[in-house]
Number of protein chains: 2
Amino acid sequence: MASTNTYSQDEKSKAKRYAKRVTYDKDAVRSIVEAAPILHVSFNTPRSQDAGPQFPTILPMLGAIDQDPAADDDQIIYLHGSSAARLFRLGAGDDEYGLPVCIAATLLDGYVLALTPFNHSCNYRSAVVFGYATKVTDSDEMMHAMELITNHLITDRWVNSRTPPTKSELIATGILKVCIETASVKVRNGGPHDDKKDLKDEATTARVWTGVVPVRQVLGDPLASPDNAVQAVPSSVDSWVRNTNSMREGQMIRSMRE
Amino acid sequence: MASTNTYSQDEKSKAKRYAKRVTYDKDAVRSIVEAAPILHVSFNTPRSQDAGPQFPTILPMLGAIDQDPAADDDQIIYLHGSSAARLFRLGAGDDEYGLPVCIAATLLDGYVLALTPFNHSCNYRSAVVFGYATKVTDSDEMMHAMELITNHLITDRWVNSRTPPTKSELIATGILKVCIETASVKVRNGGPHDDKKDLKDEATTARVWTGVVPVRQVLGDPLASPDNAVQAVPSSVDSWVRNTNSMREGQMIRSMRE
């Protein structure tokens, strides 16, 4: 059913501005989270009543999105960190649902230069996800999530490094599972949209260049560590670098079109 | 005094992990916020008592850091958005201090490939800032903040576009000022740190490549808009692109050293 492939809008995820740039499509959420190397995770820390106003915290984290094995059309996000870190202690709490978190995956695709500062903009892909985080305790699920996160970071790295993790590595690792409650995606592509009045003003148009300066993350040449004993950069690393760069170049070019 | 150049640690900003990667230095905060094209801003939206658990929200935003004119050794962050957007309505609230926000500036500098998934890491620069956001209402300060944010996005763009903004542009623009209460910086550089046991295991070291794959954001060739009437890309845009790329390349190389 088509309806299962979009998230239900609620007060948290409903777009307040530029509604036509927004979707609630699950595949769109997935593709942006998959393209983002770093996720920003926000949550509230418990505090005593007299501790002053509630500040949320943001942590930049590594993670990966996955199908929920419990429900085919649902997605979950696994987050990685040390089991000692603050968020993981919170996520281990007793609450029925888990810790409410907001996760942002943001990709900058370009700078949009208009005639006026007011009409300047950025091209970007942004997914904002709301869900409940709980600590993964099942060792099979933990191993699955670690493999997913490792391979999300560096394609095929799991089989190309020393696996499986040892018991002490597993104990020192924390994985949070975030069940997605709602999510939205906002995308801007293309060039500037100037006001007619400015476009007719030749004193302005004659001197102000307008257009797009695209931007992408580029992986550079691998640099071996002093301890490295493998002579050449292996094809697994080499193709990850080349494929990632070529994918990002393609995305950059697409983002310049409306 | 030296003490005025660091933020006071509190429960929010105090490092829980990897304390030696952390500083509270104001210049370090400033340089990371200045290098980040996008800021992630987190806040709690007011809600009715029975609305369920409190989820924070994250918005990716444009902004700039500045000296606080009211206190020489203090810094503030200006955030840009439409005056209609949710955050700006909240920031206009009656609270004595303003809206508690957390701002993250994150730059990914490299992928750190170790022998085991457990010791994989990323090189990064991360600043996390806590402060109170209020809406800027003074028109001089607003103009100052708009110029700062525009030039932070694209060097010298303010004088090279149609300025000053019109009255209706000013009315439709929202600027939030965030007075920084506390902030911390976390930086990771260099190569992998593998466990001795793995380094001695020749079956592993013979097949697993280790090192760093650096990453940087690269600005591409400017693409003029269909409406553009300036024949060549002006030197202001061209040098912004070249200088930004060369600065980021330098930073990428530095991040590969310990």
# chains A, B, ... in the order shown; residues from 1 in each chain; ligands from 1
call {"tool": "residues_around", "arguments": {"residues": "Ile77 of chain A", "least_positions_apart": "3", "cutoff": "6 Å", "atoms": "only C-alpha atoms", "output": "PDB file with N, CA and C atoms, in the first residue's frame"}}
result
ATOM      1  N   ALA A  64      23.570   3.974  11.061  1.00  0.00           N
ATOM      2  CA  ALA A  64      23.108   3.406   9.790  1.00  0.00           C
ATOM      3  C   ALA A  64      21.613   3.155   9.880  1.00  0.00           C
ATOM      4  N   ILE A  65      20.949   3.247   8.741  1.00  0.00           N
ATOM      5  CA  ILE A  65      19.509   2.996   8.704  1.00  0.00           C
ATOM      6  C   ILE A  65      19.269   1.580   8.189  1.00  0.00           C
ATOM      7  N   LYS A 177      19.301   1.564  19.253  1.00  0.00           N
ATOM      8  CA  LYS A 177      18.337   1.371  18.172  1.00  0.00           C
ATOM      9  C   LYS A 177      17.268   2.456  18.284  1.00  0.00           C
ATOM     10  N   VAL A 178      17.050   3.183  17.207  1.00  0.00           N
ATOM     11  CA  VAL A 178      16.033   4.227  17.223  1.00  0.00           C
ATOM     12  C   VAL A 178      14.857   3.791  16.350  1.00  0.00           C
TER      13      VAL A 178
END
call {"tool": "residues_around", "arguments": {"residues": "Gln67 of chain A", "least_positions_apart": "6", "cutoff": "10 Å", "atoms": "only C-alpha atoms", "output": "MDAnalysis selection string"}}
result
chainID A and resid 30 73:77
call {"tool": "select_by_dssp", "arguments": {"residues": "segment 11-217 of chain A", "states": "alpha helix (DSSP H)", "output": "number ranges by chain"}}
result
A: 26-35, 86-91, 139-153, 167-172, 196-199, 202-205
call {"tool": "write_last_selection", "arguments": {"atoms": "N, CA and C atoms", "output": "tab-separated table (two decimals), in the first residue's frame"}}
result
chain	number	residue	atom	x	y	z
A	26	LYS	N	9.46	7.44	2.96
A	26	LYS	CA	10.44	6.63	3.69
A	26	LYS	C	11.71	6.39	2.88
A	27	ASP	N	11.56	6.19	1.57
A	27	ASP	CA	12.75	5.97	0.74
A	27	ASP	C	13.63	7.22	0.69
A	28	ALA	N	12.97	8.38	0.67
A	28	ALA	CA	13.73	9.64	0.64
A	28	ALA	C	14.52	9.80	1.94
A	29	VAL	N	13.88	9.48	3.07
A	29	VAL	CA	14.57	9.54	4.36
A	29	VAL	C	15.76	8.60	4.34
A	30	ARG	N	15.51	7.38	3.86
A	30	ARG	CA	16.57	6.37	3.83
A	30	ARG	C	17.76	6.83	2.99
A	31	SER	N	17.49	7.37	1.80
A	31	SER	CA	18.61	7.69	0.91
A	31	SER	C	19.45	8.84	1.47
A	32	ILE	N	18.84	9.76	2.19
A	32	ILE	CA	19.64	10.85	2.77
A	32	ILE	C	20.44	10.36	3.97
A	33	VAL	N	19.83	9.56	4.83
A	33	VAL	CA	20.58	9.02	5.98
A	33	VAL	C	21.74	8.15	5.47
A	34	GLU	N	21.50	7.41	4.38
A	34	GLU	CA	22.58	6.57	3.83
A	34	GLU	C	23.70	7.39	3.23
A	35	ALA	N	23.38	8.56	2.71
A	35	ALA	CA	24.40	9.39	2.06
A	35	ALA	C	25.19	10.22	3.08
A	86	ARG	N	27.35	9.15	27.62
A	86	ARG	CA	26.13	9.64	28.26
A	86	ARG	C	24.83	9.15	27.63
A	87	LEU	N	24.76	9.28	26.33
A	87	LEU	CA	23.52	8.94	25.64
A	87	LEU	C	23.15	7.48	25.85
A	88	PHE	N	24.18	6.65	25.92
A	88	PHE	CA	23.90	5.23	26.04
A	88	PHE	C	23.44	4.86	27.42
A	89	ARG	N	23.91	5.60	28.41
A	89	ARG	CA	23.40	5.38	29.76
A	89	ARG	C	21.93	5.79	29.82
A	90	LEU	N	21.60	6.88	29.14
A	90	LEU	CA	20.21	7.32	29.12
A	90	LEU	C	19.33	6.33	28.38
A	91	GLY	N	19.83	5.88	27.24
A	91	GLY	CA	19.06	4.97	26.40
A	91	GLY	C	18.81	3.64	27.07
A	139	SER	N	22.93	-9.99	21.44
A	139	SER	CA	24.27	-9.98	20.84
A	139	SER	C	24.22	-10.17	19.32
A	140	ASP	N	23.25	-10.94	18.82
A	140	ASP	CA	23.12	-11.08	17.36
A	140	ASP	C	22.76	-9.75	16.71
A	141	GLU	N	21.81	-9.05	17.33
A	141	GLU	CA	21.41	-7.76	16.77
A	141	GLU	C	22.55	-6.75	16.85
A	142	MET	N	23.30	-6.85	17.93
A	142	MET	CA	24.44	-5.94	18.12
A	142	MET	C	25.47	-6.17	17.01
A	143	MET	N	25.78	-7.43	16.76
A	143	MET	CA	26.75	-7.78	15.72
A	143	MET	C	26.24	-7.29	14.36
A	144	HIS	N	24.95	-7.52	14.09
A	144	HIS	CA	24.35	-7.07	12.84
A	144	HIS	C	24.48	-5.55	12.69
A	145	ALA	N	24.20	-4.82	13.77
A	145	ALA	CA	24.25	-3.36	13.72
A	145	ALA	C	25.69	-2.87	13.53
A	146	MET	N	26.64	-3.52	14.20
A	146	MET	CA	28.04	-3.12	14.07
A	146	MET	C	28.53	-3.32	12.63
A	147	GLU	N	28.12	-4.43	12.04
A	147	GLU	CA	28.51	-4.69	10.64
A	147	GLU	C	27.90	-3.64	9.71
A	148	LEU	N	26.63	-3.34	9.96
A	148	LEU	CA	25.92	-2.36	9.13
A	148	LEU	C	26.58	-0.98	9.23
A	149	ILE	N	26.90	-0.57	10.46
A	149	ILE	CA	27.49	0.76	10.67
A	149	ILE	C	28.90	0.83	10.07
A	150	THR	N	29.68	-0.24	10.25
A	150	THR	CA	31.04	-0.28	9.69
A	150	THR	C	30.99	-0.18	8.17
A	151	ASN	N	30.11	-0.97	7.57
A	151	ASN	CA	30.02	-0.96	6.10
A	151	ASN	C	29.37	0.31	5.56
A	152	HIS	N	28.55	0.96	6.37
A	152	HIS	CA	28.00	2.24	5.97
A	152	HIS	C	29.10	3.29	5.90
A	153	LEU	N	30.02	3.21	6.86
A	153	LEU	CA	31.13	4.16	6.92
A	153	LEU	C	32.10	3.89	5.77
A	167	LYS	N	34.92	-10.52	22.65
A	167	LYS	CA	33.93	-10.27	23.70
A	167	LYS	C	34.15	-8.92	24.38
A	168	SER	N	35.42	-8.59	24.64
A	168	SER	CA	35.66	-7.32	25.34
A	168	SER	C	35.35	-6.13	24.43
A	169	GLU	N	35.55	-6.30	23.13
A	169	GLU	CA	35.16	-5.22	22.20
A	169	GLU	C	33.64	-5.03	22.21
A	170	LEU	N	32.93	-6.15	22.22
A	170	LEU	CA	31.46	-6.07	22.26
A	170	LEU	C	30.98	-5.37	23.53
A	171	ILE	N	31.63	-5.71	24.67
A	171	ILE	CA	31.21	-5.13	25.94
A	171	ILE	C	31.47	-3.62	25.95
A	172	ALA	N	32.56	-3.20	25.31
A	172	ALA	CA	32.91	-1.77	25.33
A	172	ALA	C	32.17	-0.97	24.26
A	196	LYS	N	11.49	39.96	-9.44
A	196	LYS	CA	11.37	40.61	-10.76
A	196	LYS	C	11.96	42.02	-10.74
A	197	LYS	N	11.71	42.71	-9.65
A	197	LYS	CA	12.18	44.09	-9.55
A	197	LYS	C	13.70	44.17	-9.66
A	198	ASP	N	14.39	43.24	-8.98
A	198	ASP	CA	15.85	43.24	-9.06
A	198	ASP	C	16.33	42.82	-10.44
A	199	LEU	N	15.62	41.88	-11.06
A	199	LEU	CA	16.04	41.39	-12.38
A	199	LEU	C	15.91	42.50	-13.43
A	202	GLU	N	19.03	47.19	-14.15
A	202	GLU	CA	20.27	46.89	-14.88
A	202	GLU	C	21.53	47.26	-14.12
A	203	ALA	N	21.44	48.26	-13.25
A	203	ALA	CA	22.62	48.61	-12.45
A	203	ALA	C	23.03	47.43	-11.57
A	204	THR	N	22.04	46.67	-11.13
A	204	THR	CA	22.32	45.48	-10.31
A	204	THR	C	22.74	44.29	-11.18
A	205	THR	N	21.96	43.99	-12.18
A	205	THR	CA	22.25	42.78	-12.98
A	205	THR	C	23.59	42.90	-13.73
call {"tool": "residues_around", "arguments": {"residues": "Gln251 of chain A", "least_positions_apart": "4", "cutoff": "12 Å", "atoms": "only C-alpha atoms", "output": "list in words"}}
result
Ser31, Ile32, Ala35, Leu107, Leu108, Asp109, Gly110, Asn123, Tyr124, Arg125, Asn189, Pro214, Val215, Arg216, Gln217, Thr244, Asn245, Ser246, Met247, Ser255, Met256 and Arg257 of chain A
call {"tool": "atom_distance", "arguments": {"atom1": "atom CA of Gly63 of chain A", "atom2": "atom CA of Asp25 of chain A"}}
result
20.0 Å
call {"tool": "residues_around", "arguments": {"residues": "Pro222 of chain A", "least_positions_apart": "5", "cutoff": "7 Å", "atoms": "only C-alpha atoms", "output": "VMD selection string"}}
result
chain B and resid 211 to 214
call {"tool": "select_by_dssp", "arguments": {"residues": "segment 14-246 of chain B", "states": "strand (DSSP E or B)", "output": "MDAnalysis selection string"}}
result
chainID B and resid 22:23 25 39:44 56:68 71:82 99:113 121:135 173:188 211:219 223:224
call {"tool": "closest_residue", "arguments": {"among": "A:Ser121, A:Thr166, A:Thr116, A:Glu249", "to": "chain B", "atoms": "only C-alpha atoms"}}
result
A:Thr116
